[in-house]
>>> print(open('run.cif').read())   # mmCIF, C-alpha atoms
data_query
loop_
_atom_site.group_PDB
_atom_site.id
_atom_site.type_symbol
_atom_site.label_atom_id
_atom_site.label_comp_id
_atom_site.auth_asym_id
_atom_site.auth_seq_id
_atom_site.Cartn_x
_atom_site.Cartn_y
_atom_site.Cartn_z
ATOM 1 C CA MET T 9 111.217 71.995 127.173
ATOM 2 C CA THR T 10 112.944 75.260 127.748
ATOM 3 C CA MET T 11 115.558 76.957 125.676
ATOM 4 C CA THR T 12 119.015 77.015 127.190
ATOM 5 C CA ASP T 13 120.103 80.526 128.125
ATOM 6 C CA ASN T 14 122.140 82.055 125.329
ATOM 7 C CA THR T 15 124.511 84.978 125.417
ATOM 8 C CA ARG T 16 123.314 85.757 121.912
ATOM 9 C CA ARG T 17 119.814 86.965 121.185
ATOM 10 C CA PRO T 18 118.018 84.754 118.610
ATOM 11 C CA LEU T 19 117.556 86.260 115.169
ATOM 12 C CA VAL T 20 113.965 85.002 114.883
ATOM 13 C CA SER T 21 111.331 83.882 117.350
ATOM 14 C CA PHE T 22 108.859 81.587 115.586
ATOM 15 C CA ILE T 23 105.410 81.671 117.163
ATOM 16 C CA VAL T 24 103.377 78.533 116.486
ATOM 17 C CA THR T 25 99.797 78.415 117.757
ATOM 18 C CA CYS T 26 97.566 75.363 117.785
ATOM 19 C CA TYR T 27 94.168 74.197 118.968
ATOM 20 C CA ASN T 28 92.872 70.639 118.495
ATOM 21 C CA LEU T 29 95.209 70.036 115.565
ATOM 22 C CA PRO T 30 96.297 66.643 114.277
ATOM 23 C CA THR T 31 99.790 66.236 115.709
ATOM 24 C CA ASP T 32 101.254 65.262 112.340
ATOM 25 C CA MET T 33 100.336 68.720 111.014
ATOM 26 C CA LEU T 34 101.854 70.428 114.041
ATOM 27 C CA CYS T 35 105.049 68.383 113.722
ATOM 28 C CA GLU T 36 105.235 69.180 110.007
ATOM 29 C CA CYS T 37 105.042 72.866 110.918
ATOM 30 C CA ILE T 38 107.840 72.608 113.496
ATOM 31 C CA ASP T 39 109.985 70.500 111.155
ATOM 32 C CA SER T 40 109.684 73.164 108.441
ATOM 33 C CA ILE T 41 111.220 75.688 110.854
ATOM 34 C CA LEU T 42 114.007 73.328 111.921
ATOM 35 C CA LYS T 43 114.946 72.796 108.246
ATOM 36 C CA LEU T 44 115.933 76.442 107.887
ATOM 37 C CA SER T 45 119.597 77.465 107.899
ATOM 38 C CA LEU T 46 119.379 78.922 111.383
ATOM 39 C CA GLN T 47 121.675 77.688 114.107
ATOM 40 C CA PRO T 48 120.005 76.691 117.393
ATOM 41 C CA ASP T 49 121.079 79.972 119.000
ATOM 42 C CA GLU T 50 119.653 81.950 116.054
ATOM 43 C CA ARG T 51 116.109 80.646 116.442
ATOM 44 C CA GLU T 52 113.472 80.316 119.118
ATOM 45 C CA ILE T 53 110.338 78.219 118.562
ATOM 46 C CA ILE T 54 107.452 78.939 120.924
ATOM 47 C CA VAL T 55 104.507 76.547 120.602
ATOM 48 C CA VAL T 56 101.341 77.787 122.305
ATOM 49 C CA ASP T 57 98.648 75.165 122.779
ATOM 50 C CA ASP T 58 95.448 77.179 123.186
ATOM 51 C CA GLY T 59 93.711 74.666 125.458
ATOM 52 C CA SER T 60 93.395 71.695 123.102
ATOM 53 C CA GLU T 61 91.116 68.946 124.362
ATOM 54 C CA VAL T 62 94.072 66.565 124.165
ATOM 55 C CA SER T 63 97.537 68.025 124.736
ATOM 56 C CA PRO T 64 100.038 67.273 121.939
ATOM 57 C CA MET T 65 102.906 67.439 124.436
ATOM 58 C CA ASN T 66 103.797 63.731 124.317
ATOM 59 C CA ASP T 67 104.271 63.950 120.563
ATOM 60 C CA LEU T 68 106.490 67.000 120.974
ATOM 61 C CA LEU T 69 108.913 65.480 123.472
ATOM 62 C CA LYS T 70 111.183 64.435 120.579
ATOM 63 C CA TYR T 71 112.014 68.095 119.939
ATOM 64 C CA GLY T 72 113.602 68.503 123.365
ATOM 65 C CA ASP T 73 115.133 71.936 123.847
ATOM 66 C CA ASP T 74 114.425 72.926 120.241
ATOM 67 C CA ILE T 75 111.018 74.238 121.291
ATOM 68 C CA ILE T 76 109.312 75.982 124.172
ATOM 69 C CA TYR T 77 105.875 74.459 124.795
ATOM 70 C CA VAL T 78 103.199 76.514 126.545
ATOM 71 C CA ARG T 79 99.703 75.255 127.315
ATOM 72 C CA GLN T 80 97.034 77.768 128.307
ATOM 73 C CA LYS T 81 93.301 78.004 128.799
ATOM 74 C CA ASN T 82 91.461 78.407 125.504
ATOM 75 C CA GLY T 83 91.252 82.090 124.670
ATOM 76 C CA GLY T 84 91.462 82.189 120.882
ATOM 77 C CA VAL T 85 94.295 82.665 118.422
ATOM 78 C CA SER T 86 94.779 86.353 119.293
ATOM 79 C CA VAL T 87 95.428 85.571 122.963
ATOM 80 C CA ALA T 88 97.729 82.672 122.049
ATOM 81 C CA ARG T 89 99.814 84.867 119.746
ATOM 82 C CA ASN T 90 100.012 87.620 122.359
ATOM 83 C CA THR T 91 101.250 85.139 124.958
ATOM 84 C CA ALA T 92 104.087 84.048 122.688
ATOM 85 C CA MET T 93 105.010 87.555 121.519
ATOM 86 C CA ASP T 94 105.357 88.680 125.124
ATOM 87 C CA MET T 95 107.718 85.751 125.747
ATOM 88 C CA ALA T 96 109.733 86.111 122.542
ATOM 89 C CA LYS T 97 113.415 87.022 122.817
ATOM 90 C CA GLY T 98 114.189 87.158 119.099
ATOM 91 C CA GLN T 99 115.105 90.271 117.156
ATOM 92 C CA TYR T 100 112.372 89.347 114.670
ATOM 93 C CA ILE T 101 109.058 87.539 115.018
ATOM 94 C CA GLN T 102 107.486 85.097 112.598
ATOM 95 C CA ILE T 103 103.942 83.885 113.254
ATOM 96 C CA VAL T 104 103.002 80.458 111.896
ATOM 97 C CA ASP T 105 99.634 78.782 112.362
ATOM 98 C CA GLY T 106 100.224 75.229 113.529
ATOM 99 C CA ASP T 107 98.477 73.624 110.557
ATOM 100 C CA ASP T 108 100.616 75.566 108.062
ATOM 101 C CA CYS T 109 104.365 75.577 107.438
ATOM 102 C CA LEU T 110 107.256 77.549 105.974
ATOM 103 C CA LEU T 111 108.730 76.642 102.589
ATOM 104 C CA THR T 112 112.497 76.340 102.892
ATOM 105 C CA VAL T 113 113.886 77.907 99.712
ATOM 106 C CA PRO T 114 111.644 80.982 99.466
ATOM 107 C CA TYR T 115 111.743 81.597 103.220
ATOM 108 C CA GLU T 116 115.554 81.537 103.145
ATOM 109 C CA HIS T 117 115.215 84.473 100.744
ATOM 110 C CA CYS T 118 113.316 86.376 103.471
ATOM 111 C CA LEU T 119 115.926 85.475 106.073
ATOM 112 C CA ASP T 120 118.685 86.723 103.752
ATOM 113 C CA ILE T 121 116.929 90.094 103.529
ATOM 114 C CA VAL T 122 117.103 90.634 107.306
ATOM 115 C CA ARG T 123 120.597 89.165 107.526
ATOM 116 C CA HIS T 124 122.020 91.545 104.925
ATOM 117 C CA ASN T 125 119.855 94.628 105.516
ATOM 118 C CA SER T 126 120.098 95.793 109.097
ATOM 119 C CA GLU T 127 117.468 98.494 108.528
ATOM 120 C CA ALA T 128 114.754 95.988 107.572
ATOM 121 C CA ASP T 129 111.824 96.383 109.960
ATOM 122 C CA VAL T 130 109.353 94.171 108.103
ATOM 123 C CA VAL T 131 109.672 91.658 105.266
ATOM 124 C CA MET T 132 106.360 91.004 103.531
ATOM 125 C CA PHE T 133 106.094 87.854 101.430
ATOM 126 C CA ASP T 134 103.387 85.747 99.809
ATOM 127 C CA PHE T 135 101.646 82.441 100.522
ATOM 128 C CA THR T 136 100.777 79.446 98.412
ATOM 129 C CA HIS T 137 98.572 76.366 98.587
ATOM 130 C CA ASP T 138 101.308 74.334 96.856
ATOM 131 C CA LEU T 139 103.487 72.525 99.382
ATOM 132 C CA SER T 140 106.164 71.828 96.755
ATOM 133 C CA GLY T 141 106.679 75.504 95.846
ATOM 134 C CA SER T 142 110.290 76.702 95.731
ATOM 135 C CA GLN T 143 110.473 79.595 93.275
ATOM 136 C CA VAL T 144 112.189 82.756 94.522
ATOM 137 C CA PRO T 145 111.822 86.126 92.759
ATOM 138 C CA ASP T 146 114.935 87.985 91.652
ATOM 139 C CA ARG T 147 113.808 91.394 92.888
ATOM 140 C CA PHE T 148 112.083 93.026 95.821
ATOM 141 C CA GLN T 149 110.852 96.502 96.736
ATOM 142 C CA LYS T 150 111.918 98.646 99.646
ATOM 143 C CA LYS T 151 109.504 101.268 100.998
ATOM 144 C CA ASN T 152 108.578 103.177 104.084
ATOM 145 C CA GLY T 153 105.714 101.383 105.822
ATOM 146 C CA ALA T 154 103.222 104.262 105.733
ATOM 147 C CA GLU T 155 104.110 104.995 102.105
ATOM 148 C CA PHE T 156 103.543 101.368 101.192
ATOM 149 C CA LEU T 157 100.165 101.388 102.901
ATOM 150 C CA ARG T 158 99.212 104.636 101.133
ATOM 151 C CA THR T 159 100.112 103.446 97.642
ATOM 152 C CA GLU T 160 99.672 99.660 97.509
ATOM 153 C CA ASN T 161 97.026 97.025 98.065
ATOM 154 C CA ILE T 162 98.643 95.065 100.865
ATOM 155 C CA ARG T 163 98.462 91.416 101.829
ATOM 156 C CA GLY T 164 96.962 91.585 105.296
ATOM 157 C CA ALA T 165 98.024 88.168 106.616
ATOM 158 C CA ALA T 166 100.246 88.558 109.674
ATOM 159 C CA CYS T 167 101.760 85.145 108.931
ATOM 160 C CA CYS T 168 103.246 86.645 105.756
ATOM 161 C CA CYS T 169 105.271 89.201 107.706
ATOM 162 C CA LEU T 170 108.684 88.719 109.280
ATOM 163 C CA PHE T 171 108.834 91.720 111.583
ATOM 164 C CA ARG T 172 111.178 93.316 114.076
ATOM 165 C CA GLN T 173 110.119 92.916 117.688
ATOM 166 C CA SER T 174 111.109 96.481 118.609
ATOM 167 C CA VAL T 175 108.902 97.886 115.826
ATOM 168 C CA ARG T 176 105.902 96.002 117.200
ATOM 169 C CA GLY T 177 106.404 97.656 120.561
ATOM 170 C CA ARG T 178 103.231 97.031 122.578
ATOM 171 C CA LEU T 179 101.066 96.321 119.535
ATOM 172 C CA ALA T 180 99.014 93.164 120.110
ATOM 173 C CA PHE T 181 96.138 91.208 118.640
ATOM 174 C CA THR T 182 92.726 92.069 120.063
ATOM 175 C CA PRO T 183 91.341 89.262 122.255
ATOM 176 C CA GLY T 184 87.919 88.038 121.175
ATOM 177 C CA ILE T 185 88.433 88.834 117.497
ATOM 178 C CA ALA T 186 88.168 85.457 115.768
ATOM 179 C CA TYR T 187 87.940 86.818 112.220
ATOM 180 C CA GLY T 188 90.024 89.654 110.815
ATOM 181 C CA GLU T 189 92.581 89.858 113.615
ATOM 182 C CA ASP T 190 95.355 90.045 110.991
ATOM 183 C CA GLU T 191 93.638 92.891 109.134
ATOM 184 C CA GLU T 192 93.647 94.914 112.327
ATOM 185 C CA PHE T 193 97.247 94.092 113.272
ATOM 186 C CA THR T 194 99.123 94.362 109.959
ATOM 187 C CA PRO T 195 98.229 97.964 108.986
ATOM 188 C CA GLN T 196 99.236 99.160 112.448
ATOM 189 C CA LEU T 197 102.510 97.264 112.171
ATOM 190 C CA LEU T 198 103.275 98.858 108.791
ATOM 191 C CA ILE T 199 102.550 102.364 110.114
ATOM 192 C CA ARG T 200 105.269 101.772 112.703
ATOM 193 C CA ALA T 201 107.822 100.449 110.178
ATOM 194 C CA GLU T 202 110.454 102.769 108.762
ATOM 195 C CA THR T 203 111.690 100.240 106.184
ATOM 196 C CA VAL T 204 109.619 97.458 104.626
ATOM 197 C CA TYR T 205 110.929 94.967 102.105
ATOM 198 C CA ILE T 206 108.236 93.528 99.836
ATOM 199 C CA THR T 207 108.883 90.286 97.986
ATOM 200 C CA ASP T 208 106.674 87.955 95.949
ATOM 201 C CA ALA T 209 108.437 84.914 97.396
ATOM 202 C CA LYS T 210 105.754 82.325 98.164
ATOM 203 C CA ALA T 211 107.343 81.359 101.442
ATOM 204 C CA TYR T 212 104.289 80.325 103.474
ATOM 205 C CA PHE T 213 102.206 77.215 102.867
ATOM 206 C CA TYR T 214 98.598 77.898 103.799
ATOM 207 C CA ARG T 215 96.613 74.723 104.331
ATOM 208 C CA GLU T 216 92.922 75.025 103.516
ATOM 209 C CA ARG T 217 90.884 72.953 105.959
ATOM 210 C CA THR T 218 87.101 72.638 105.887
ATOM 211 C CA THR T 219 87.088 72.686 109.698
ATOM 212 C CA SER T 220 88.789 76.096 109.929
ATOM 213 C CA ALA T 221 86.825 79.098 111.180
ATOM 214 C CA VAL T 222 86.580 80.856 107.813
ATOM 215 C CA HIS T 223 84.798 77.858 106.268
ATOM 216 C CA GLN T 224 81.990 77.680 108.839
ATOM 217 C CA THR T 225 78.647 78.546 107.233
ATOM 218 C CA ASP T 226 76.205 78.340 110.136
ATOM 219 C CA GLU T 227 74.364 81.541 110.969
ATOM 220 C CA ALA T 228 76.192 82.172 114.242
ATOM 221 C CA SER T 229 79.615 81.890 112.553
ATOM 222 C CA ILE T 230 78.553 84.188 109.708
ATOM 223 C CA LEU T 231 77.243 86.838 112.100
ATOM 224 C CA LYS T 232 80.411 86.574 114.228
ATOM 225 C CA ARG T 233 82.596 86.971 111.138
ATOM 226 C CA LEU T 234 80.725 90.065 109.995
ATOM 227 C CA SER T 235 80.636 91.530 113.501
ATOM 228 C CA ASP T 236 84.395 91.055 113.990
ATOM 229 C CA THR T 237 85.124 92.614 110.609
ATOM 230 C CA LYS T 238 83.005 95.646 111.450
ATOM 231 C CA GLU T 239 84.817 96.040 114.783
ATOM 232 C CA VAL T 240 88.205 95.967 113.021
ATOM 233 C CA ILE T 241 87.074 98.561 110.466
ATOM 234 C CA LEU T 242 85.754 100.913 113.162
ATOM 235 C CA HIS T 243 88.947 100.576 115.197
ATOM 236 C CA LEU T 244 91.176 101.415 112.218
ATOM 237 C CA SER T 245 88.862 104.275 111.257
ATOM 238 C CA ARG T 246 89.103 105.786 114.741
ATOM 239 C CA LEU T 247 92.867 105.329 114.663
ATOM 240 C CA ALA T 248 93.038 107.142 111.312
ATOM 241 C CA ASP T 249 91.103 110.085 112.746
ATOM 242 C CA THR T 250 93.753 110.672 115.412
ATOM 243 C CA SER T 251 96.845 109.957 113.277
ATOM 244 C CA PRO T 252 99.255 112.372 111.533
ATOM 245 C CA GLN T 253 98.183 113.207 107.973
ATOM 246 C CA SER T 254 100.450 110.759 106.140
ATOM 247 C CA ASP T 255 99.415 107.888 108.428
ATOM 248 C CA LYS T 256 95.782 108.993 108.237
ATOM 249 C CA VAL T 257 95.707 108.754 104.434
ATOM 250 C CA ALA T 258 97.347 105.324 104.600
ATOM 251 C CA LEU T 259 94.870 103.975 107.140
ATOM 252 C CA GLN T 260 91.885 105.481 105.333
ATOM 253 C CA ARG T 261 92.863 103.584 102.189
ATOM 254 C CA ARG T 262 92.942 100.324 104.140
ATOM 255 C CA VAL T 263 89.647 101.128 105.883
ATOM 256 C CA ALA T 264 87.968 101.746 102.508
ATOM 257 C CA GLN T 265 89.250 98.451 101.113
ATOM 258 C CA LEU T 266 88.216 96.500 104.204
ATOM 259 C CA THR T 267 84.792 98.144 104.066
ATOM 260 C CA MET T 268 84.465 97.010 100.449
ATOM 261 C CA ASP T 269 85.331 93.452 101.537
ATOM 262 C CA TYR T 270 82.846 93.720 104.405
ATOM 263 C CA ILE T 271 80.021 94.686 102.029
ATOM 264 C CA TYR T 272 81.143 91.971 99.613
ATOM 265 C CA ASN T 273 81.022 89.320 102.356
ATOM 266 C CA THR T 274 77.664 90.554 103.615
ATOM 267 C CA ILE T 275 76.287 89.846 100.141
ATOM 268 C CA LEU T 276 78.133 86.574 99.672
ATOM 269 C CA LEU T 277 77.478 85.099 103.115
ATOM 270 C CA THR T 278 73.889 86.249 103.731
ATOM 271 C CA ARG T 279 72.527 86.735 100.180
ATOM 272 C CA SER T 280 69.973 88.976 101.842
ATOM 273 C CA GLU T 281 68.922 92.346 100.451
ATOM 274 C CA GLU T 282 67.495 93.239 103.848
ATOM 275 C CA LYS T 283 70.800 92.489 105.603
ATOM 276 C CA LEU T 284 72.734 94.386 102.931
ATOM 277 C CA ASN T 285 70.561 97.481 103.337
ATOM 278 C CA GLU T 286 70.868 97.271 107.118
ATOM 279 C CA THR T 287 74.654 96.997 106.811
ATOM 280 C CA LEU T 288 74.915 99.958 104.448
ATOM 281 C CA GLY T 289 72.703 102.029 106.730
ATOM 282 C CA ASP T 290 74.987 101.332 109.702
ATOM 283 C CA LEU T 291 78.088 102.117 107.635
ATOM 284 C CA ARG T 292 76.523 105.373 106.489
ATOM 285 C CA LYS T 293 75.950 106.419 110.122
ATOM 286 C CA ASP T 294 79.632 105.755 110.823
ATOM 287 C CA GLY T 295 80.736 107.798 107.811
ATOM 288 C CA LEU T 296 82.033 104.732 105.961
ATOM 289 C CA PHE T 297 79.475 104.629 103.135
ATOM 290 C CA PRO T 298 79.327 105.543 100.313
ATOM 291 C CA LEU T 299 82.845 104.267 99.714
ATOM 292 C CA PRO T 300 85.283 107.146 99.060
ATOM 293 C CA ASP T 301 85.957 108.003 95.445
ATOM 294 C CA HIS T 302 89.606 106.990 95.048
ATOM 295 C CA PRO T 303 91.224 104.833 92.304
ATOM 296 C CA TYR T 304 92.632 102.251 94.708
ATOM 297 C CA SER T 305 92.117 99.438 92.195
ATOM 298 C CA THR T 306 89.919 98.588 89.223
ATOM 299 C CA LYS T 307 87.924 96.191 91.373
ATOM 300 C CA TYR T 308 87.419 98.856 94.050
ATOM 301 C CA THR T 309 86.307 101.468 91.491
ATOM 302 C CA TRP T 310 83.661 99.206 89.964
ATOM 303 C CA PHE T 311 82.447 97.921 93.310
ATOM 304 C CA ARG T 312 82.118 101.483 94.651
ATOM 305 C CA ARG T 313 80.023 102.503 91.649
ATOM 306 C CA LEU T 314 77.749 99.470 91.788
ATOM 307 C CA SER T 315 77.227 99.573 95.556
ATOM 308 C CA ASN T 316 76.270 103.239 95.323
ATOM 309 C CA SER T 317 72.998 102.639 93.454
ATOM 310 C CA ALA T 318 69.943 100.470 94.109
ATOM 311 C CA ILE T 319 70.228 98.865 90.662
ATOM 312 C CA GLY T 320 73.938 98.180 91.167
ATOM 313 C CA ARG T 321 73.298 96.565 94.550
ATOM 314 C CA LYS T 322 70.644 94.280 93.049
ATOM 315 C CA LEU T 323 73.162 93.304 90.374
ATOM 316 C CA LEU T 324 75.769 92.522 93.034
ATOM 317 C CA LEU T 325 73.275 90.436 95.011
ATOM 318 C CA THR T 326 72.504 88.443 91.880
ATOM 319 C CA THR T 327 75.984 87.959 90.446
ATOM 320 C CA LEU T 328 78.440 87.774 93.352
ATOM 321 C CA PRO T 329 77.209 84.440 94.737
ATOM 322 C CA LEU T 330 77.826 82.968 91.273
ATOM 323 C CA MET T 331 81.406 84.192 91.093
ATOM 324 C CA LYS T 332 84.533 82.878 92.790
ATOM 325 C CA LYS T 333 86.069 85.531 95.009
ATOM 326 C CA GLU T 334 89.478 86.834 94.008
ATOM 327 C CA ARG T 335 92.385 85.754 96.165
#
>>> encode(input="run.cif", output="structure tokens")
Amino acid sequence: MTMTDNTRRPLVSFIVTCYNLPTDMLCECIDSILKLSLQPDEREIIVVDDGSEVSPMNDLLKYGDDIIYVRQKNGGVSVARNTAMDMAKGQYIQIVDGDDCLLTVPYEHCLDIVRHNSEADVVMFDFTHDLSGSQVPDRFQKKNGAEFLRTENIRGAACCCLFRQSVRGRLAFTPGIAYGEDEEFTPQLLIRAETVYITDAKAYFYRERTTSAVHQTDEASILKRLSDTKEVILHLSRLADTSPQSDKVALQRRVAQLTMDYIYNTILLTRSEEKLNETLGDLRKDGLFPLPDHPYSTKYTWFRRLSNSAIGRKLLLTTLPLMKKER
């Protein structure tokens, strides 16, 4: 299953990663890409099987030369995505998890942006849990990537970015990071982008599965999730320290917001005052706590105030587990 050599470079390389997925989900994902108004020479679909116990290859034979199938030793989603990005020949890259899919009408809106705006480096769109969604917004924003990161609360999901391959450069996902790999990748991508188009088009269907990594509640999974998040925060913080001023301010905003989420999840996942105090002590040593006093959002402002006092932290420990986290 290899793509015939083309004299024309594909417009988009679609990177589909999978591991032990039901093949009907994987096929639904591939079919959603094939439904788009891209000619065969305008698209490239790279399916990376990250060492599934049973290869889905036999079920993918029907796609023939429409896909490139790669099977590798299990190394995690970051390694699988890196493998495909290094292979990709498209002008743009779109990452799709194999159990999700693209929604035709709103995603066509994103394709139209790159077709008609040659300066577009990144198109950021939204996701939905509704497979039947088709609404497309009438307007979109256009901003410099660093400016956008400095002034907005971004959606960190890499799957909700259609991005130019040349802007990515050598940027890659960090192997071994099982949680938060997108939150590390996306801010760095935006810093590199001269022109970002932001749309509220709900073009990506995100399938919630109880077997996915983020829904695992055993102690080892919780500790791994928190550890990975902390590693991402420290990496972005170090990057901010060595960046030009405008990029530094942008990255510091994202670091502060991710640190807030990290504290939030420490409370929600462990419900332990001892663990919370240990976490805050470590953050303080790294210069990440108390949270900086900036009006990033109403939620951030209130959380910063509450987390900054012993009484506020006790209130958070009591109330957060009873509340449903914002999307």
>>> resolve_selection(input="run.cif", expression="the PyMOL selection byres ((chain T and resi 321) around 12)", output="VMD selection string")
chain T and resid 271 to 272 274 to 275 279 to 282 284 to 285 288 310 to 320 322 to 328
>>> resolve_selection(input="run.cif", expression="the PyMOL selection byres ((chain T and resi 202) around 7)", output="list of chain:residue names")
T:Asp129, T:Asn152, T:Gly153, T:Arg200, T:Ala201, T:Thr203, T:Val204
>>> residues_around(input="run.cif", residues="Val85 of chain T", least_positions_apart="6", cutoff="8 Å", atoms="all atoms listed in the file", output="PyMOL selection string")
chain T and resi 25+58+186
>>> atom_distance(input="run.cif", atom1="atom CA of Glu36 of chain T", atom2="atom CA of Gly164 of chain T")
24.3 Å
>>> atom_distance(input="run.cif", atom1="atom CA of Leu68 of chain T", atom2="atom CA of Gln99 of chain T")
25.1 Å
>>> resolve_selection(input="run.cif", expression="the PyMOL selection byres ((chain T and resi 74) around 7)", output="NGL selection string")
:T and (11 or 53 or 71-73 or 75)
>>> residues_near_point(input="run.cif", point="(91.7, 105.7, 105.8)", cutoff="10 Å", atoms="all atoms listed in the file", output="list in words")
Leu157, Arg158, Ile241, Leu244, Ser245, Arg246, Leu247, Ala248, Asp249, Asp255, Lys256, Val257, Ala258, Leu259, Gln260, Arg261, Arg262, Val263, Ala264, Gln265, Leu266, Leu296 and Pro300 of chain T
>>> closest_residue(input="run.cif", among="T:Lys307, T:Arg215, T:Lys238, T:Lys293", to="Asp138 of chain T", atoms="only C-alpha atoms")
T:Arg215
>>> residues_around(input="run.cif", residues="Pro30 of chain T", least_positions_apart="6", cutoff="10 Å", atoms="only C-alpha atoms", output="list in words")
Pro64, Gly106 and Asp107 of chain T
>>> closest_residue(input="run.cif", among="T:Pro252, T:Thr225, T:Tyr77, T:Thr309", to="Leu276 of chain T", atoms="only C-alpha atoms")
T:Thr225
>>> residues_around(input="run.cif", residues="Ala228 of chain T", least_positions_apart="5", cutoff="12 Å", atoms="all atoms listed in the file", output="count of residues only")
6
>>> closest_residue(input="run.cif", among="T:Gln47, T:Asn125, T:Ser86, T:Asn161", to="Ser305 of chain T", atoms="all atoms listed in the file")
T:Asn161
>>> axis_aligned_box(input="run.cif", around="segment 259-276 of chain T", padding_each_side="6 Å", output="lines of an AutoDock Vina configuration file")
center_x = 85.6
center_y = 96.0
center_z = 103.4
size_x = 30.6
size_y = 30.9
size_z = 19.5
>>> decode(input="run.cif", residues="segment 88-122 of chain T", atoms="C-alpha atoms", output="PDB file, in the first residue's frame")
ATOM      1  CA  ALA T  88       3.824   7.114  16.030  1.00  0.00           C
ATOM      2  CA  ARG T  89       3.015  10.705  15.073  1.00  0.00           C
ATOM      3  CA  ASN T  90       6.696  11.546  14.653  1.00  0.00           C
ATOM      4  CA  THR T  91       7.168   8.570  12.336  1.00  0.00           C
ATOM      5  CA  ALA T  92       4.362   9.774  10.083  1.00  0.00           C
ATOM      6  CA  MET T  93       5.372  13.447  10.145  1.00  0.00           C
ATOM      7  CA  ASP T  94       8.875  12.517   9.027  1.00  0.00           C
ATOM      8  CA  MET T  95       7.364  10.580   6.110  1.00  0.00           C
ATOM      9  CA  ALA T  96       4.764  13.181   5.145  1.00  0.00           C
ATOM     10  CA  LYS T  97       5.066  14.862   1.748  1.00  0.00           C
ATOM     11  CA  GLY T  98       2.076  17.187   2.057  1.00  0.00           C
ATOM     12  CA  GLN T  99       2.236  20.960   2.268  1.00  0.00           C
ATOM     13  CA  TYR T 100       0.040  20.734   5.372  1.00  0.00           C
ATOM     14  CA  ILE T 101      -0.335  18.122   8.093  1.00  0.00           C
ATOM     15  CA  GLN T 102      -3.513  17.010   9.815  1.00  0.00           C
ATOM     16  CA  ILE T 103      -3.264  14.636  12.774  1.00  0.00           C
ATOM     17  CA  VAL T 104      -6.247  12.369  13.434  1.00  0.00           C
ATOM     18  CA  ASP T 105      -6.444   9.783  16.199  1.00  0.00           C
ATOM     19  CA  GLY T 106      -7.669   6.529  14.698  1.00  0.00           C
ATOM     20  CA  ASP T 107     -10.774   6.321  16.883  1.00  0.00           C
ATOM     21  CA  ASP T 108     -11.894   9.830  15.883  1.00  0.00           C
ATOM     22  CA  CYS T 109     -12.847  11.301  12.511  1.00  0.00           C
ATOM     23  CA  LEU T 110     -13.216  14.510  10.522  1.00  0.00           C
ATOM     24  CA  LEU T 111     -16.638  16.043   9.896  1.00  0.00           C
ATOM     25  CA  THR T 112     -17.036  16.777   6.198  1.00  0.00           C
ATOM     26  CA  VAL T 113     -18.831  20.130   6.030  1.00  0.00           C
ATOM     27  CA  PRO T 114     -16.947  22.017   8.756  1.00  0.00           C
ATOM     28  CA  TYR T 115     -13.594  20.529   7.742  1.00  0.00           C
ATOM     29  CA  GLU T 116     -14.158  21.669   4.149  1.00  0.00           C
ATOM     30  CA  HIS T 117     -14.314  25.169   5.641  1.00  0.00           C
ATOM     31  CA  CYS T 118     -10.782  24.646   7.024  1.00  0.00           C
ATOM     32  CA  LEU T 119      -9.549  23.331   3.685  1.00  0.00           C
ATOM     33  CA  ASP T 120     -11.012  26.386   1.930  1.00  0.00           C
ATOM     34  CA  ILE T 121      -8.996  28.641   4.243  1.00  0.00           C
ATOM     35  CA  VAL T 122      -5.678  27.105   3.139  1.00  0.00           C
TER      36      VAL T 122
END
